[in-house]
Amino acid sequence: MNILADAYKMTQNIILRNNVTVFGQGTQPMLFAHGFGCDQNMWRFITPAFEKDYKIVLFDYVGSGKSDTSAYNAEKYSSLHGYAQDILDICTELALTDVIFVGHSVSSIIGILSSIQAPHFFSSLILVCPSPCYINDLPNYVGGFERKDIEDLLDIMDKNYIGWASFLAPVIMKNEDQPELTQELEASFCSTDPVIASVFAKTTFYSDNRNDLPKVTIPSLILQCAEDAIAPIEVGEYLQQHLPESTLQIMQSTGHCPHMSHPEETINIIKQYLTAR
C-alpha cells in the first residue's frame with residue numbers, strides 16, 4: 001500500500017511541479033513545450049485546432065508559468081538535459097506513447113534530446129524555430145550571433161532585467177502590427193524569477209547540440225520563419241542537412257513566435273505534415 005501511495009504522490013508531484021494540463025477528445029498525445037521565458041498559455045492559438053483529434057498535453061518548465069518553483073535546482077537546469085528529463089518524467093507518469101512533440105525554440109532541442117534518450121515515447125517531432133547552436137562557427141556554421149553578442153546580452157540581463165526584457169521582446173516577436181503580442185511576451189519575461197531566467201538563458205544561448213542531430217531517429221518537421229532574428233534561415237537549412245528524416249518548411253511568417261503571430265499558417269503546416277505521415 002505504501003508503494004502505491006508513494007507512486008501516486010510522485011505522479012502528483014510531477015503534475016504539480018510542471019503544472020501539467022491534459023485535455024482533448026483524441027487518444028494520440030500532442031505534447032506542446034514552450035520556449036524560453038514563456039509558458040503553456042502561448043499555445044492557446046494552436047491547440048483548439050487539434051483538440052478534437054488528439055490528446056493535448058501542456059506544461060510549464062520549472063521556474064516558468066505556474067510551475068512549482070520550489071522544485072527548481074540550478075545544477076539540474078544548467079543543462080538542457082535537465083529540462084529533457086522533465087519531459088520524460090511527464091511522458092512516464094501519464095503513460096504516453098506515440099507522442100507528437102511540438103517544441104518552440106529551445107524546446108525543439110530539448111525535445112530532440114528527449115527523443116534520443118527515450119525514442120519509444122515519440123512518433124514525430126515538430127520543431128518551431130529551432131536552433132542547435134546560436135553562436136556563429138564560421139565558415140561552416142551560421143548561428144546568428146557572435147559570442148560577444150551573447151555575452152553582452154546576458155550581461156545586460158544580469159544588470160537590468162526589466163530593461164533587457166523590454167529590449168528583447170520586440171526583437172523576438174517582430175510583427176509590429178500586433179503590439180499586444182510583444183507586450184505579452186515582455187510581461188512573461190518579467191514574471192519569471194530573474195535568477196532562474198538568467199540560468200535558463202545561459203543554458204540556452206551557450207548550448208551547442210549540433211553533434212546530437214545525427215543521433216535522432218524520430219522523423220521531424222522544421223518550421224523556419226522567413227525572417228527570424230534568433231534563428232536565421234541558415235539554421236533551418238543546417239538542421240535539415242543534419243537531422244535524419246527531417247522536412248524543412250520555410251514559412252511566410254516573420255519573427256520567432258509564429259505560433260502566436262501567425263497561428264493559422266502554423267496550424268496548416270503541422271496538419272499537412274501529420275496528414276502526409
# chains A, B, ... in the order shown; residues from 1 in each chain; ligands from 1
call {"tool": "residues_around", "arguments": {"residues": "range 123-133 of chain A", "least_positions_apart": "2", "cutoff": "9 Å", "atoms": "only C-alpha atoms", "output": "short mmCIF file (atom, residue, chain, number, x, y, z; two decimals) with all heavy atoms, in the first residue's frame"}}
result
data_model
loop_
_atom_site.label_atom_id
_atom_site.label_comp_id
_atom_site.auth_asym_id
_atom_site.auth_seq_id
_atom_site.Cartn_x
_atom_site.Cartn_y
_atom_site.Cartn_z
N THR A 97 2.42 7.35 -25.12
CA THR A 97 3.12 6.66 -26.21
C THR A 97 2.72 7.31 -27.52
O THR A 97 1.69 8.00 -27.59
CB THR A 97 2.76 5.16 -26.26
OG1 THR A 97 1.34 5.02 -26.42
CG2 THR A 97 3.19 4.44 -24.99
N ASP A 98 3.54 7.10 -28.55
CA ASP A 98 3.22 7.62 -29.88
C ASP A 98 3.04 9.15 -29.84
O ASP A 98 2.16 9.70 -30.51
CB ASP A 98 1.95 6.93 -30.41
CG ASP A 98 1.85 6.98 -31.92
OD1 ASP A 98 2.89 7.05 -32.59
OD2 ASP A 98 0.71 6.96 -32.44
N VAL A 99 3.88 9.82 -29.07
CA VAL A 99 3.73 11.26 -28.83
C VAL A 99 4.18 12.09 -30.02
O VAL A 99 5.26 11.86 -30.59
CB VAL A 99 4.55 11.68 -27.59
CG1 VAL A 99 4.52 13.20 -27.41
CG2 VAL A 99 4.03 10.99 -26.34
N ILE A 100 3.34 13.04 -30.40
CA ILE A 100 3.75 14.09 -31.34
C ILE A 100 4.26 15.24 -30.49
O ILE A 100 3.49 15.89 -29.78
CB ILE A 100 2.57 14.55 -32.21
CG1 ILE A 100 2.02 13.39 -33.04
CG2 ILE A 100 2.99 15.71 -33.11
CD1 ILE A 100 0.67 13.69 -33.68
N PHE A 101 5.55 15.46 -30.52
CA PHE A 101 6.16 16.50 -29.70
C PHE A 101 6.23 17.79 -30.51
O PHE A 101 6.75 17.81 -31.62
CB PHE A 101 7.57 16.10 -29.26
CG PHE A 101 8.28 17.16 -28.49
CD1 PHE A 101 8.15 17.24 -27.10
CD2 PHE A 101 9.08 18.09 -29.13
CE1 PHE A 101 8.80 18.25 -26.39
CE2 PHE A 101 9.74 19.09 -28.43
CZ PHE A 101 9.59 19.17 -27.05
N VAL A 102 5.69 18.87 -29.93
CA VAL A 102 5.73 20.19 -30.58
C VAL A 102 6.51 21.13 -29.67
O VAL A 102 6.06 21.46 -28.57
CB VAL A 102 4.32 20.75 -30.83
CG1 VAL A 102 4.40 22.04 -31.64
CG2 VAL A 102 3.44 19.72 -31.54
N GLY A 103 7.70 21.54 -30.10
CA GLY A 103 8.55 22.37 -29.27
C GLY A 103 8.88 23.68 -29.95
O GLY A 103 9.17 23.72 -31.14
N HIS A 104 8.84 24.76 -29.17
CA HIS A 104 9.19 26.08 -29.70
C HIS A 104 10.59 26.47 -29.26
O HIS A 104 10.94 26.37 -28.09
CB HIS A 104 8.19 27.14 -29.21
CG HIS A 104 8.59 28.54 -29.54
ND1 HIS A 104 8.66 29.53 -28.60
CD2 HIS A 104 8.96 29.10 -30.71
CE1 HIS A 104 9.05 30.66 -29.18
NE2 HIS A 104 9.24 30.42 -30.46
N SER A 105 11.40 26.93 -30.22
CA SER A 105 12.71 27.49 -29.95
C SER A 105 13.60 26.48 -29.20
O SER A 105 13.80 25.37 -29.68
CB SER A 105 12.57 28.80 -29.17
OG SER A 105 13.77 29.53 -29.15
N VAL A 106 14.08 26.84 -28.01
CA VAL A 106 14.98 25.93 -27.29
C VAL A 106 14.31 24.61 -26.96
O VAL A 106 14.96 23.57 -26.85
CB VAL A 106 15.52 26.61 -26.01
CG1 VAL A 106 14.39 26.86 -25.00
CG2 VAL A 106 16.62 25.78 -25.36
N SER A 107 12.98 24.61 -26.85
CA SER A 107 12.27 23.36 -26.56
C SER A 107 12.39 22.36 -27.71
O SER A 107 12.23 21.15 -27.51
CB SER A 107 10.79 23.62 -26.26
OG SER A 107 10.63 23.95 -24.91
N SER A 108 12.65 22.85 -28.92
CA SER A 108 12.88 21.94 -30.03
C SER A 108 14.10 21.06 -29.74
O SER A 108 14.07 19.85 -29.96
CB SER A 108 13.12 22.73 -31.32
OG SER A 108 11.98 23.47 -31.69
N ILE A 109 15.16 21.68 -29.22
CA ILE A 109 16.37 20.93 -28.91
C ILE A 109 16.13 20.05 -27.68
O ILE A 109 16.63 18.92 -27.60
CB ILE A 109 17.55 21.88 -28.69
CG1 ILE A 109 17.74 22.76 -29.93
CG2 ILE A 109 18.82 21.09 -28.39
CD1 ILE A 109 17.91 22.01 -31.23
N GLY A 111 13.36 18.69 -26.92
CA GLY A 111 12.61 17.55 -27.45
C GLY A 111 13.51 16.57 -28.19
O GLY A 111 13.34 15.35 -28.08
N ILE A 112 14.46 17.09 -28.94
CA ILE A 112 15.43 16.24 -29.63
C ILE A 112 16.21 15.40 -28.63
O ILE A 112 16.38 14.18 -28.81
CB ILE A 112 16.37 17.11 -30.49
CG1 ILE A 112 15.66 17.51 -31.79
CG2 ILE A 112 17.69 16.40 -30.79
CD1 ILE A 112 16.44 18.48 -32.65
N SER A 115 14.06 12.67 -27.26
CA SER A 115 13.82 11.58 -28.21
C SER A 115 15.05 10.69 -28.37
O SER A 115 14.93 9.50 -28.64
CB SER A 115 13.42 12.15 -29.57
OG SER A 115 14.53 12.65 -30.30
N PRO A 119 13.48 7.15 -27.34
CA PRO A 119 12.74 7.27 -28.60
C PRO A 119 11.40 6.54 -28.60
O PRO A 119 10.52 6.87 -29.40
CB PRO A 119 13.70 6.64 -29.63
CG PRO A 119 14.62 5.77 -28.84
CD PRO A 119 14.77 6.46 -27.52
N HIS A 120 11.23 5.58 -27.69
CA HIS A 120 9.99 4.80 -27.68
C HIS A 120 8.77 5.64 -27.32
O HIS A 120 7.64 5.23 -27.57
CB HIS A 120 10.11 3.63 -26.70
CG HIS A 120 10.38 4.05 -25.29
ND1 HIS A 120 11.64 4.38 -24.84
CD2 HIS A 120 9.55 4.20 -24.21
CE1 HIS A 120 11.58 4.69 -23.55
NE2 HIS A 120 10.34 4.59 -23.15
N PHE A 121 8.98 6.82 -26.74
CA PHE A 121 7.85 7.67 -26.39
C PHE A 121 7.27 8.40 -27.61
O PHE A 121 6.11 8.79 -27.60
CB PHE A 121 8.26 8.73 -25.36
CG PHE A 121 8.37 8.23 -23.94
CD1 PHE A 121 9.53 8.44 -23.21
CD2 PHE A 121 7.31 7.58 -23.33
CE1 PHE A 121 9.64 7.99 -21.90
CE2 PHE A 121 7.40 7.13 -22.03
CZ PHE A 121 8.57 7.33 -21.31
N ILE A 135 25.51 30.52 -31.69
CA ILE A 135 26.75 31.26 -31.92
C ILE A 135 27.39 30.82 -33.24
O ILE A 135 27.51 29.64 -33.52
CB ILE A 135 27.72 31.05 -30.75
CG1 ILE A 135 27.10 31.58 -29.45
CG2 ILE A 135 29.05 31.74 -31.02
CD1 ILE A 135 27.93 31.31 -28.20
N ASN A 136 27.79 31.81 -34.04
CA ASN A 136 28.44 31.53 -35.32
C ASN A 136 29.71 30.70 -35.11
O ASN A 136 30.45 30.91 -34.15
CB ASN A 136 28.82 32.83 -36.03
CG ASN A 136 27.60 33.66 -36.41
OD1 ASN A 136 26.52 33.13 -36.65
ND2 ASN A 136 27.78 34.97 -36.48
N TYR A 141 29.31 27.21 -40.06
CA TYR A 141 28.01 27.30 -39.39
C TYR A 141 27.66 28.74 -39.08
O TYR A 141 28.47 29.49 -38.50
CB TYR A 141 28.01 26.48 -38.10
CG TYR A 141 26.69 26.54 -37.36
CD1 TYR A 141 25.60 25.78 -37.79
CD2 TYR A 141 26.51 27.37 -36.26
CE1 TYR A 141 24.37 25.85 -37.14
CE2 TYR A 141 25.30 27.44 -35.60
CZ TYR A 141 24.23 26.68 -36.03
OH TYR A 141 23.03 26.76 -35.39
N VAL A 142 26.43 29.12 -39.44
CA VAL A 142 25.89 30.45 -39.12
C VAL A 142 24.77 30.27 -38.10
O VAL A 142 23.72 29.72 -38.41
CB VAL A 142 25.34 31.15 -40.38
CG1 VAL A 142 24.70 32.49 -40.01
CG2 VAL A 142 26.45 31.36 -41.41
N GLY A 143 25.02 30.71 -36.87
CA GLY A 143 24.02 30.60 -35.82
C GLY A 143 23.23 31.87 -35.61
O GLY A 143 22.16 31.86 -35.01
N GLY A 144 23.78 33.00 -36.09
CA GLY A 144 23.07 34.27 -35.99
C GLY A 144 23.71 35.27 -35.06
O GLY A 144 23.42 36.46 -35.13
N THR A 204 20.54 28.12 -22.53
CA THR A 204 20.00 28.16 -23.89
C THR A 204 21.03 28.69 -24.88
O THR A 204 21.37 28.03 -25.88
CB THR A 204 18.73 29.02 -23.94
OG1 THR A 204 17.72 28.44 -23.12
CG2 THR A 204 18.21 29.15 -25.38
N PHE A 205 21.52 29.89 -24.64
CA PHE A 205 22.32 30.59 -25.64
C PHE A 205 23.75 30.07 -25.76
O PHE A 205 24.40 30.29 -26.78
CB PHE A 205 22.31 32.09 -25.36
CG PHE A 205 21.00 32.75 -25.70
CD1 PHE A 205 20.18 33.27 -24.70
CD2 PHE A 205 20.58 32.85 -27.01
CE1 PHE A 205 18.98 33.87 -25.01
CE2 PHE A 205 19.37 33.44 -27.34
CZ PHE A 205 18.56 33.95 -26.34
N TYR A 206 24.24 29.39 -24.75
CA TYR A 206 25.58 28.80 -24.84
C TYR A 206 25.56 27.33 -25.25
O TYR A 206 26.61 26.70 -25.38
CB TYR A 206 26.32 28.95 -23.51
CG TYR A 206 26.81 30.36 -23.23
CD1 TYR A 206 26.68 30.92 -21.95
CD2 TYR A 206 27.40 31.13 -24.22
CE1 TYR A 206 27.13 32.20 -21.68
CE2 TYR A 206 27.84 32.43 -23.96
CZ TYR A 206 27.71 32.96 -22.69
OH TYR A 206 28.15 34.23 -22.43
N SER A 207 24.37 26.79 -25.44
CA SER A 207 24.28 25.36 -25.80
C SER A 207 24.74 25.14 -27.24
O SER A 207 24.59 26.00 -28.11
CB SER A 207 22.84 24.87 -25.64
OG SER A 207 21.97 25.53 -26.54
N ASP A 208 25.31 24.00 -27.47
CA ASP A 208 25.72 23.59 -28.82
C ASP A 208 25.39 22.11 -28.96
O ASP A 208 26.09 21.24 -28.45
CB ASP A 208 27.21 23.83 -29.02
CG ASP A 208 27.65 23.51 -30.46
OD1 ASP A 208 26.85 22.95 -31.22
OD2 ASP A 208 28.82 23.82 -30.80
N ASN A 209 24.29 21.83 -29.64
CA ASN A 209 23.81 20.46 -29.78
C ASN A 209 23.89 19.96 -31.21
O ASN A 209 23.16 19.04 -31.59
CB ASN A 209 22.36 20.37 -29.27
CG ASN A 209 22.24 20.66 -27.79
OD1 ASN A 209 21.91 21.78 -27.39
ND2 ASN A 209 22.56 19.68 -26.96
N ARG A 210 24.79 20.54 -31.97
CA ARG A 210 24.94 20.12 -33.37
C ARG A 210 25.33 18.65 -33.48
O ARG A 210 24.85 17.94 -34.37
CB ARG A 210 25.97 21.00 -34.07
CG ARG A 210 25.47 22.42 -34.36
CD ARG A 210 26.57 23.28 -34.97
NE ARG A 210 27.61 23.59 -33.99
CZ ARG A 210 28.76 24.20 -34.30
NH1 ARG A 210 29.00 24.54 -35.56
NH2 ARG A 210 29.66 24.45 -33.36
N ASN A 211 26.15 18.18 -32.57
CA ASN A 211 26.60 16.78 -32.64
C ASN A 211 25.50 15.79 -32.26
O ASN A 211 25.63 14.58 -32.51
CB ASN A 211 27.81 16.56 -31.73
CG ASN A 211 29.06 17.25 -32.26
OD1 ASN A 211 29.17 17.50 -33.46
ND2 ASN A 211 29.98 17.57 -31.38
N ASP A 212 24.43 16.30 -31.65
CA ASP A 212 23.32 15.40 -31.28
C ASP A 212 22.38 15.13 -32.44
O ASP A 212 21.65 14.13 -32.42
CB ASP A 212 22.52 16.02 -30.12
CG ASP A 212 23.30 16.04 -28.82
OD1 ASP A 212 23.83 14.98 -28.44
OD2 ASP A 212 23.39 17.11 -28.19
N LEU A 213 22.38 15.99 -33.44
CA LEU A 213 21.39 15.89 -34.50
C LEU A 213 21.41 14.55 -35.23
O LEU A 213 20.34 13.96 -35.46
CB LEU A 213 21.57 17.05 -35.50
CG LEU A 213 21.45 18.46 -34.91
CD1 LEU A 213 21.63 19.50 -36.02
CD2 LEU A 213 20.11 18.66 -34.22
N ILE A 218 13.75 9.87 -34.79
CA ILE A 218 12.34 10.20 -34.94
C ILE A 218 12.18 11.20 -36.09
O ILE A 218 12.90 12.19 -36.14
CB ILE A 218 11.78 10.81 -33.64
CG1 ILE A 218 12.08 9.91 -32.44
CG2 ILE A 218 10.27 11.05 -33.76
CD1 ILE A 218 11.52 8.52 -32.55
N PRO A 219 11.24 10.98 -37.01
CA PRO A 219 11.01 11.95 -38.09
C PRO A 219 10.63 13.32 -37.54
O PRO A 219 9.95 13.42 -36.52
CB PRO A 219 9.85 11.33 -38.87
CG PRO A 219 9.88 9.88 -38.52
CD PRO A 219 10.37 9.81 -37.11
N SER A 220 11.07 14.37 -38.24
CA SER A 220 10.83 15.71 -37.72
C SER A 220 10.42 16.69 -38.81
O SER A 220 10.79 16.54 -39.98
CB SER A 220 12.08 16.23 -37.01
OG SER A 220 13.18 16.28 -37.90
N LEU A 221 9.66 17.69 -38.40
CA LEU A 221 9.28 18.82 -39.24
C LEU A 221 9.92 20.07 -38.66
O LEU A 221 9.75 20.37 -37.48
CB LEU A 221 7.75 18.97 -39.28
CG LEU A 221 7.22 20.27 -39.91
CD1 LEU A 221 7.54 20.31 -41.41
CD2 LEU A 221 5.71 20.39 -39.69
N ILE A 222 10.65 20.79 -39.49
CA ILE A 222 11.31 22.04 -39.07
C ILE A 222 10.51 23.20 -39.63
O ILE A 222 10.37 23.35 -40.85
CB ILE A 222 12.75 22.09 -39.60
CG1 ILE A 222 13.55 20.87 -39.15
CG2 ILE A 222 13.43 23.39 -39.15
CD1 ILE A 222 14.78 20.62 -40.01
N LEU A 223 9.96 24.04 -38.76
CA LEU A 223 9.26 25.24 -39.17
C LEU A 223 10.22 26.43 -39.04
O LEU A 223 10.62 26.79 -37.94
CB LEU A 223 8.01 25.49 -38.32
CG LEU A 223 6.73 24.80 -38.78
CD1 LEU A 223 6.85 23.29 -38.62
CD2 LEU A 223 5.52 25.30 -37.99
N GLN A 224 10.58 27.02 -40.17
CA GLN A 224 11.56 28.10 -40.23
C GLN A 224 10.87 29.36 -40.75
O GLN A 224 10.29 29.35 -41.83
CB GLN A 224 12.70 27.72 -41.15
CG GLN A 224 13.64 28.83 -41.49
CD GLN A 224 14.50 29.22 -40.31
OE1 GLN A 224 15.16 28.37 -39.72
NE2 GLN A 224 14.48 30.50 -39.94
N CYS A 225 10.91 30.44 -39.97
CA CYS A 225 10.29 31.69 -40.41
C CYS A 225 11.17 32.39 -41.45
O CYS A 225 12.39 32.26 -41.44
CB CYS A 225 10.06 32.63 -39.23
SG CYS A 225 8.69 32.10 -38.17
N ASP A 228 13.85 35.82 -39.07
CA ASP A 228 13.90 35.48 -37.65
C ASP A 228 15.26 35.93 -37.11
O ASP A 228 16.29 35.39 -37.50
CB ASP A 228 13.72 33.96 -37.47
CG ASP A 228 13.66 33.53 -36.01
OD1 ASP A 228 14.02 34.32 -35.14
OD2 ASP A 228 13.26 32.37 -35.76
N ILE A 230 16.48 35.47 -34.24
CA ILE A 230 17.06 34.50 -33.32
C ILE A 230 17.59 33.27 -34.04
O ILE A 230 18.64 32.73 -33.70
CB ILE A 230 16.02 34.07 -32.26
CG1 ILE A 230 15.45 35.31 -31.54
CG2 ILE A 230 16.64 33.11 -31.24
CD1 ILE A 230 16.47 36.13 -30.79
N ALA A 231 16.85 32.81 -35.04
CA ALA A 231 17.24 31.61 -35.80
C ALA A 231 17.10 31.91 -37.29
O ALA A 231 16.04 31.71 -37.88
CB ALA A 231 16.37 30.42 -35.41
N PRO A 232 18.19 32.39 -37.92
CA PRO A 232 18.13 32.73 -39.35
C PRO A 232 17.94 31.50 -40.22
O PRO A 232 18.08 30.35 -39.77
CB PRO A 232 19.49 33.38 -39.61
CG PRO A 232 20.39 32.89 -38.53
CD PRO A 232 19.51 32.67 -37.34
N VAL A 235 20.15 28.43 -40.27
CA VAL A 235 20.00 27.44 -39.19
C VAL A 235 19.02 26.35 -39.60
O VAL A 235 19.28 25.16 -39.40
CB VAL A 235 19.54 28.13 -37.89
CG1 VAL A 235 19.18 27.09 -36.84
CG2 VAL A 235 20.62 29.05 -37.36
N GLY A 236 17.90 26.75 -40.19
CA GLY A 236 16.93 25.76 -40.66
C GLY A 236 17.52 24.84 -41.71
O GLY A 236 17.29 23.62 -41.70
N LEU A 239 19.85 22.35 -40.05
CA LEU A 239 19.09 21.31 -39.38
C LEU A 239 18.59 20.26 -40.37
O LEU A 239 18.69 19.05 -40.12
CB LEU A 239 17.91 21.92 -38.62
CG LEU A 239 18.24 22.55 -37.27
CD1 LEU A 239 17.16 23.53 -36.85
CD2 LEU A 239 18.41 21.47 -36.20
N HIS A 256 10.02 35.18 -34.33
CA HIS A 256 10.47 33.92 -33.74
C HIS A 256 9.34 33.16 -33.04
O HIS A 256 9.59 32.13 -32.44
CB HIS A 256 11.59 34.24 -32.72
CG HIS A 256 12.34 33.04 -32.24
ND1 HIS A 256 13.06 32.21 -33.08
CD2 HIS A 256 12.49 32.53 -30.98
CE1 HIS A 256 13.62 31.25 -32.36
NE2 HIS A 256 13.29 31.40 -31.09
N CYS A 257 8.11 33.68 -33.14
CA CYS A 257 6.97 33.05 -32.45
C CYS A 257 5.78 32.91 -33.39
O CYS A 257 4.71 33.49 -33.15
CB CYS A 257 6.56 33.86 -31.23
SG CYS A 257 7.88 34.14 -30.02
N PRO A 258 5.90 32.15 -34.48
CA PRO A 258 4.79 32.06 -35.44
C PRO A 258 3.54 31.44 -34.87
O PRO A 258 2.44 31.67 -35.38
CB PRO A 258 5.39 31.21 -36.57
CG PRO A 258 6.44 30.38 -35.89
CD PRO A 258 7.03 31.30 -34.86
N HIS A 259 3.68 30.62 -33.81
CA HIS A 259 2.50 30.02 -33.19
C HIS A 259 1.62 31.07 -32.51
O HIS A 259 0.45 30.81 -32.24
CB HIS A 259 2.91 28.94 -32.19
CG HIS A 259 3.83 29.41 -31.12
ND1 HIS A 259 5.04 30.02 -31.37
CD2 HIS A 259 3.73 29.37 -29.75
CE1 HIS A 259 5.63 30.32 -30.23
NE2 HIS A 259 4.86 29.94 -29.24
N THR A 266 0.84 28.28 -39.10
CA THR A 266 1.48 27.26 -38.29
C THR A 266 0.62 26.00 -38.21
O THR A 266 1.11 24.88 -38.41
CB THR A 266 1.75 27.80 -36.87
OG1 THR A 266 2.52 29.00 -36.95
CG2 THR A 266 2.51 26.78 -36.04
N ILE A 270 1.49 22.17 -39.86
CA ILE A 270 1.55 20.99 -38.98
C ILE A 270 0.52 19.95 -39.42
O ILE A 270 0.83 18.75 -39.49
CB ILE A 270 1.31 21.40 -37.52
CG1 ILE A 270 2.45 22.28 -37.00
CG2 ILE A 270 1.17 20.16 -36.62
CD1 ILE A 270 2.25 22.83 -35.61
N LEU A 274 1.28 16.10 -40.63
CA LEU A 274 0.74 14.94 -39.91
C LEU A 274 -0.15 14.12 -40.81
O LEU A 274 -0.17 12.88 -40.73
CB LEU A 274 -0.02 15.41 -38.67
CG LEU A 274 0.82 16.07 -37.56
CD1 LEU A 274 -0.07 16.53 -36.41
CD2 LEU A 274 1.90 15.12 -37.06
#
call {"tool": "residues_around", "arguments": {"residues": "Glu75 in chain A", "least_positions_apart": "4", "cutoff": "12 Å", "atoms": "only C-alpha atoms", "output": "list of chain:residue names"}}
result
A:Ala71, A:Ser79, A:Leu80, A:His81, A:Gly82, A:Tyr83, A:Ile196, A:Val199, A:Phe200, A:Thr203
call {"tool": "write_last_selection", "arguments": {"atoms": "N, CA and C atoms", "output": "compact mmCIF listing (two decimals), in the first residue's frame"}}
result
# COMPACT_ATOMS: atom_id res chain seq x y z
N ALA A 71 10.70 23.36 -6.72
CA ALA A 71 11.35 22.20 -7.30
C ALA A 71 12.57 22.59 -8.14
N SER A 79 21.72 22.51 -17.56
CA SER A 79 21.88 21.74 -18.78
C SER A 79 20.50 21.49 -19.40
N LEU A 80 20.43 21.51 -20.71
CA LEU A 80 19.16 21.21 -21.38
C LEU A 80 18.70 19.79 -21.10
N HIS A 81 19.63 18.91 -20.71
CA HIS A 81 19.25 17.55 -20.35
C HIS A 81 18.35 17.52 -19.12
N GLY A 82 18.51 18.52 -18.23
CA GLY A 82 17.64 18.60 -17.06
C GLY A 82 16.20 18.86 -17.45
N TYR A 83 16.01 19.73 -18.44
CA TYR A 83 14.66 20.00 -18.94
C TYR A 83 14.12 18.80 -19.72
N ILE A 196 16.37 32.54 -12.02
CA ILE A 196 16.07 31.33 -12.80
C ILE A 196 16.17 31.64 -14.30
N VAL A 199 19.83 31.72 -15.51
CA VAL A 199 20.42 30.40 -15.69
C VAL A 199 19.90 29.75 -16.97
N PHE A 200 18.59 29.85 -17.19
CA PHE A 200 17.97 29.26 -18.38
C PHE A 200 18.52 29.93 -19.64
N THR A 203 22.01 28.70 -20.26
CA THR A 203 21.92 27.31 -20.71
C THR A 203 21.48 27.26 -22.17
call {"tool": "select_by_dssp", "arguments": {"residues": "range 22-262 of chain A", "states": "alpha helix (DSSP H)", "output": "VMD selection string"}}
result
chain A and resid 80 to 93 106 to 117 147 to 159 161 to 173 179 to 191 194 to 205 233 to 242 258 to 261
call {"tool": "residues_around", "arguments": {"residues": "Phe23 in chain A", "least_positions_apart": "5", "cutoff": "9 Å", "atoms": "only C-alpha atoms", "output": "NGL selection string"}}
result
:A and (51 or 54-58)
call {"tool": "write_last_selection", "arguments": {"atoms": "N, CA, C and O atoms", "output": "mmCIF file, in the first residue's frame"}}
result
data_model
loop_
_atom_site.group_PDB
_atom_site.id
_atom_site.type_symbol
_atom_site.label_atom_id
_atom_site.label_comp_id
_atom_site.auth_asym_id
_atom_site.auth_seq_id
_atom_site.Cartn_x
_atom_site.Cartn_y
_atom_site.Cartn_z
ATOM 1 N N GLU A 51 -7.501 19.707 -30.678
ATOM 2 C CA GLU A 51 -8.057 19.035 -29.506
ATOM 3 C C GLU A 51 -9.166 18.038 -29.840
ATOM 4 O O GLU A 51 -9.435 17.136 -29.048
ATOM 5 N N TYR A 54 -6.805 14.865 -31.000
ATOM 6 C CA TYR A 54 -5.643 14.448 -30.220
ATOM 7 C C TYR A 54 -5.857 14.699 -28.728
ATOM 8 O O TYR A 54 -6.744 15.446 -28.325
ATOM 9 N N LYS A 55 -5.029 14.055 -27.932
ATOM 10 C CA LYS A 55 -4.945 14.357 -26.502
ATOM 11 C C LYS A 55 -3.882 15.440 -26.339
ATOM 12 O O LYS A 55 -2.702 15.220 -26.637
ATOM 13 N N ILE A 56 -4.285 16.609 -25.879
ATOM 14 C CA ILE A 56 -3.372 17.739 -25.749
ATOM 15 C C ILE A 56 -2.735 17.726 -24.358
ATOM 16 O O ILE A 56 -3.432 17.639 -23.349
ATOM 17 N N VAL A 57 -1.413 17.792 -24.317
ATOM 18 C CA VAL A 57 -0.680 17.851 -23.051
ATOM 19 C C VAL A 57 0.153 19.122 -23.037
ATOM 20 O O VAL A 57 1.005 19.329 -23.905
ATOM 21 N N LEU A 58 -0.115 19.971 -22.062
ATOM 22 C CA LEU A 58 0.620 21.218 -21.884
ATOM 23 C C LEU A 58 1.321 21.198 -20.531
ATOM 24 O O LEU A 58 0.876 20.516 -19.606
#
call {"tool": "select_by_dssp", "arguments": {"residues": "range 72-174 of chain A", "states": "strand (DSSP E)", "output": "list of chain:residue names"}}
result
A:Val99, A:Ile100, A:Phe101, A:Val102, A:Gly103, A:His104, A:Phe122, A:Ser123, A:Ser124, A:Leu125, A:Ile126, A:Leu127, A:Val128
call {"tool": "closest_residue", "arguments": {"among": "A:Trp43, A:Tyr238, A:Tyr77, A:Tyr134", "to": "Ser198 in chain A", "atoms": "only C-alpha atoms"}}
result
A:Tyr77
call {"tool": "atom_distance", "arguments": {"atom1": "CA of Asn19 in chain A", "atom2": "CA of Phe59 in chain A"}}
result
5.4 Å
call {"tool": "atom_distance", "arguments": {"atom1": "CA of Asn268 in chain A", "atom2": "CA of Asp60 in chain A"}}
result
25.0 Å
